[in-house]
Structures are given as C-alpha cells and as structure tokens.
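Asker: Below are the structure tokens for one structure; questions will follow.
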Amino acid sequence: MPTKKTNIKKTKTKQKPQKAVKGKAKKPKETRKKSLLPKNKRVLVLLVAALFIIIIGAAQAVILISMRHKAPAKEKVPEAPEYYFSKNEDISSFTAIVGKRTFEKQEPVAESAAKSAADVKSSTTAQGDATAEVEPKDTYKYVNLDNASEDLKSYKDYLETKKSFIDVTAESIAAASTESETKSENAEFYQLSGPSNDSKSYLSITLESSGNSVTVTAGKGNESWNDYFKNQWNQQKQVISDIQKQPKTETTIEQAENTVRSQGQEKLKLSESADSYQFIASPGISKIDGKDYYTVRTYKRLPDSTLTYIATYLYDCSDNSVGFQYDEVTRKTTPLG
C-alpha cells in the first residue's frame, strides 16, 4: 500500500525582542543577616551591663574609703592575775586582797643575786659565796590608786600574817643604800620572803609605792626556805651582837625579844609554853598612838620546819614594858591582862 506522506508543519515560535529599560538598571537587593535580638532589646542589655559596672565601681570606692577612715582596733586591756607564781603556791595577788585596781603588766626582769640585796644575803654561805642566780622576776604595776600606801600595807599584812612571809627590808636597803637615796620622800619600799612548796627555793616579793601606783615584783630564790631563814636568823643575831657591843644606853632588839618572851604563856595568851615559840623584833622603832615601840612578832615552828605567824606584841621603849598585843591588819591594840 502506498504510504501517505504527512506534511507536518513546523511552527516557528518567534521570540519577542526585549524592550530596553529606560534609566538606571536596578541593582539586586543585598541580603542582611538578621540579629538574634531585636534592636530595642539590645539597647536594654547594654544599659544593664553599664549599670552593673557602675555599681561595682561604687562599691569598691566605698570599701577603699571606709578602710582609710576605719578606726584602729582597741588594744586588749590586760587582766590582773588572781595569784602570783604558780597556783600551787597559793599566793593571792594584790587585787585579790585589796580589790579591783587598774593593772599594767610589765615585762619579766632577769637579774642576778648581786642586784637584789636580800637575795644576796640569803644566798651567801659561811664562806661568803654570793654568786647564785635568781630566776626571772615578774613585775606587776597597779596605777591610779586612791590610797597607794594603804593598799600596799594591806597586802604586806596579808603576806606576813597569812602566808608566813618575813620582812627583810632593812637588809636590802642597807645593801642598796645608793638606790634608796634616789627614792622620793613619799615612796615606800618593802622586801619580803616566804616559804615555797618547792623544797629547793623560797618566794621573794618586793612591794614599792610611788605616787598613786604600787609595783609588785615576784620571784624565786634558788635556795631552800629553811636555809634562807637560817641565814636571816644568823644575820639577825649578828646585828644583835653588834648592838650588844655598843653602850647599853639604848634599848636593843634582843632586849625587846627577851622581854616579850619573859611575859609567859598566860599573859601573852599563847596555847603553849612561851619557850616553844620564836620571837623576832622588826628592825627600827614604830610610832603607835604617839609612843615608840618595837614590834615583836611571834612564830611557831611546824613539823615541816616552816614557821607560821601567831601574833605581834608591842615593846615600850620608854619603860621596857610589854603591855599590848598589836593587830597589824586592823592596827588596833589590845591590852594584855
């Protein structure tokens, strides 16, 4: 079969020519990155940060200014001790006896026996050895006292009547006369020594008043109390011996002691025979109620060889009589029967 040719007409698409654009050609729009925070919120964050920085700076400035103008810390006021030495010695302090006083702790002082007359004498043996050392001493000062002299005497009486201390002031002043000459007329000075619980030492306390203050110096001597007391006793006897060599125109310490002893147990109101006691007259004459007396202290020797204070009697220098017992604490006299 004859094939029919199909004439397919190709349709030609005519492209329309593009019209020219008058004027400048438009630039394509630039794509900007979007911020994570809206514009108003970013401003707020910046303001908060700035305010925070201002607050920190102001706080630091306040701290620096306050540190510059901060008042210095008050120094801790030292407390007065309740006792001297160790608690085992049972020696009440100055304020424990006379009451609360303004206290100033002083630096400890270490001095040799040669600087302390009483300690020199106590440590001197029959051969004259005075090289012993004294332990460091603690010094306590009490100031702004209403009546320094009365406070000093009250504490001295406590040591002598309650703790069996003996007054060795005369010896210490005699050996340190140059020092005593420099003291003011109103100053008082006492050197006292007493037994210690340590068998190899004795207690030494110095009391000194100057103006409205009292200074207490406490230390230990490197010698047993028994040996120390024996040395003091021997010195006292030497003093008496020296006095006996002088003309007998004046009353002597030995006469005062013997006269008091001769009064007997009943008159002196003692619990045992008068010969079982030791009578020790204090050097120097005391003026009491306008009359001159020797004060004669009475001691009893205990089984451990220490001495305990019993009473004080007054020996009248004018007529060599013993008519009163004397209370050194209250300063009252009691007639003897």
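Going through the structure tokens in order, the chains are called A, B, and so on, while each chain numbers its residues from 1 and the ligands are numbered from 1 in the order shown.
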So that I can see what lies close to Leu270 (chain A), please list as a list of chain:residue names the residues with an atom at most 12 Å from it, counting only C-alpha atoms and leaving out residues fewer than 4 positions away in the same chain.
Answerer: A:Arg261, A:Gln263, A:Gly264, A:Gln265, A:Glu266, A:Ala274, A:Asp275, A:Ser276, A:Tyr277, A:Thr298, A:Tyr299, A:Lys300, A:Ile310, A:Ala311, A:Thr312, A:Tyr313, A:Gln325, A:Leu336
Asker: Tell me, in Å to one decimal, how far CA of Ser305 (chain A) is from CA of Lys163 (chain A).
Answerer: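 Between CA of Ser305 (chain A) and CA of Lys163 (chain A) the gap is 14.7 Å.
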Asker: What's around region 148-156 of chain A at 12 Å? Count only C-alpha atoms, leave out sequence neighbours fewer than 2 positions away in its own chain, and write the answer as a ChimeraX atom specification.
Answerer: /A:91-102,141-146,158-167,169,186-194,205-216,327-331
Asker: Based on DSSP run over this structure's backbone, return all residues of region 274-316 of chain A in strand (DSSP E), as a ChimeraX atom specification.
Answerer: /A:277-281,286-288,291-301,307-316
Asker: Using CA of Ser204 (chain A) and CA of Glu257 (chain A) as the two end points, give the distance in Å to one decimal.
Answerer: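 These atoms are spaced 25.3 Å apart.
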Asker: Set the distance at 7 Å and use only C-alpha atoms: which residues neighbour region 281-290 of chain A once local chain neighbours fewer than 2 positions away are removed? I'd like the list as a list in words.
Answerer: Ala170, Ile253, Ala256, Glu257, Phe279, Asp292, Tyr293, Tyr294, Thr295, Val296 and Arg297 of chain A
Asker: How far is it from CA of Val260 (chain A) to CA of Glu272 (chain A), in Å with one decimal?
Answerer: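 Spanning CA of Val260 (chain A) to CA of Glu272 (chain A) is a straight-line distance of 14.7 Å.
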Asker: Using DSSP on the backbone coordinates, identify all residues within region 231-325 of chain A classified as alpha helix (DSSP H); present the result as a PDB file with C-alpha atoms, in the first residue's frame.
Answerer:
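Wrote it out as part-v8.pdb, contents follow:
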```pdb
ATOM      1  CA  ASN A 231      70.813  32.708 157.213  1.00  0.00           C
ATOM      2  CA  GLN A 232      68.413  35.521 158.065  1.00  0.00           C
ATOM      3  CA  TRP A 233      68.322  34.382 161.667  1.00  0.00           C
ATOM      4  CA  ASN A 234      72.116  34.302 161.842  1.00  0.00           C
ATOM      5  CA  GLN A 235      72.270  37.783 160.369  1.00  0.00           C
ATOM      6  CA  GLN A 236      69.758  38.976 162.941  1.00  0.00           C
ATOM      7  CA  LYS A 237      71.864  37.532 165.722  1.00  0.00           C
ATOM      8  CA  GLN A 238      74.918  39.232 164.260  1.00  0.00           C
ATOM      9  CA  VAL A 239      73.059  42.533 164.299  1.00  0.00           C
ATOM     10  CA  ILE A 240      72.121  41.922 167.917  1.00  0.00           C
ATOM     11  CA  SER A 241      75.709  41.016 168.732  1.00  0.00           C
ATOM     12  CA  ASP A 242      76.932  44.238 167.161  1.00  0.00           C
ATOM     13  CA  ILE A 243      74.375  46.222 169.148  1.00  0.00           C
ATOM     14  CA  GLN A 244      75.400  44.492 172.363  1.00  0.00           C
ATOM     15  CA  ILE A 253      66.236  44.396 169.721  1.00  0.00           C
ATOM     16  CA  GLU A 254      67.424  41.441 171.795  1.00  0.00           C
ATOM     17  CA  GLN A 255      66.075  43.043 174.969  1.00  0.00           C
ATOM     18  CA  ALA A 256      62.721  43.539 173.289  1.00  0.00           C
ATOM     19  CA  GLU A 257      62.525  39.876 172.228  1.00  0.00           C
ATOM     20  CA  ASN A 258      63.629  38.534 175.611  1.00  0.00           C
ATOM     21  CA  THR A 259      61.261  40.831 177.484  1.00  0.00           C
ATOM     22  CA  VAL A 260      58.274  39.681 175.430  1.00  0.00           C
ATOM     23  CA  ARG A 261      59.270  36.022 175.893  1.00  0.00           C
ATOM     24  CA  GLY A 264      54.925  33.895 179.789  1.00  0.00           C
ATOM     25  CA  GLN A 265      52.212  31.833 178.151  1.00  0.00           C
ATOM     26  CA  GLU A 266      49.252  33.137 180.152  1.00  0.00           C
ATOM     27  CA  LYS A 267      49.848  36.859 179.710  1.00  0.00           C
ATOM     28  CA  LEU A 268      50.701  36.505 176.018  1.00  0.00           C
TER      29      LEU A 268
END
```
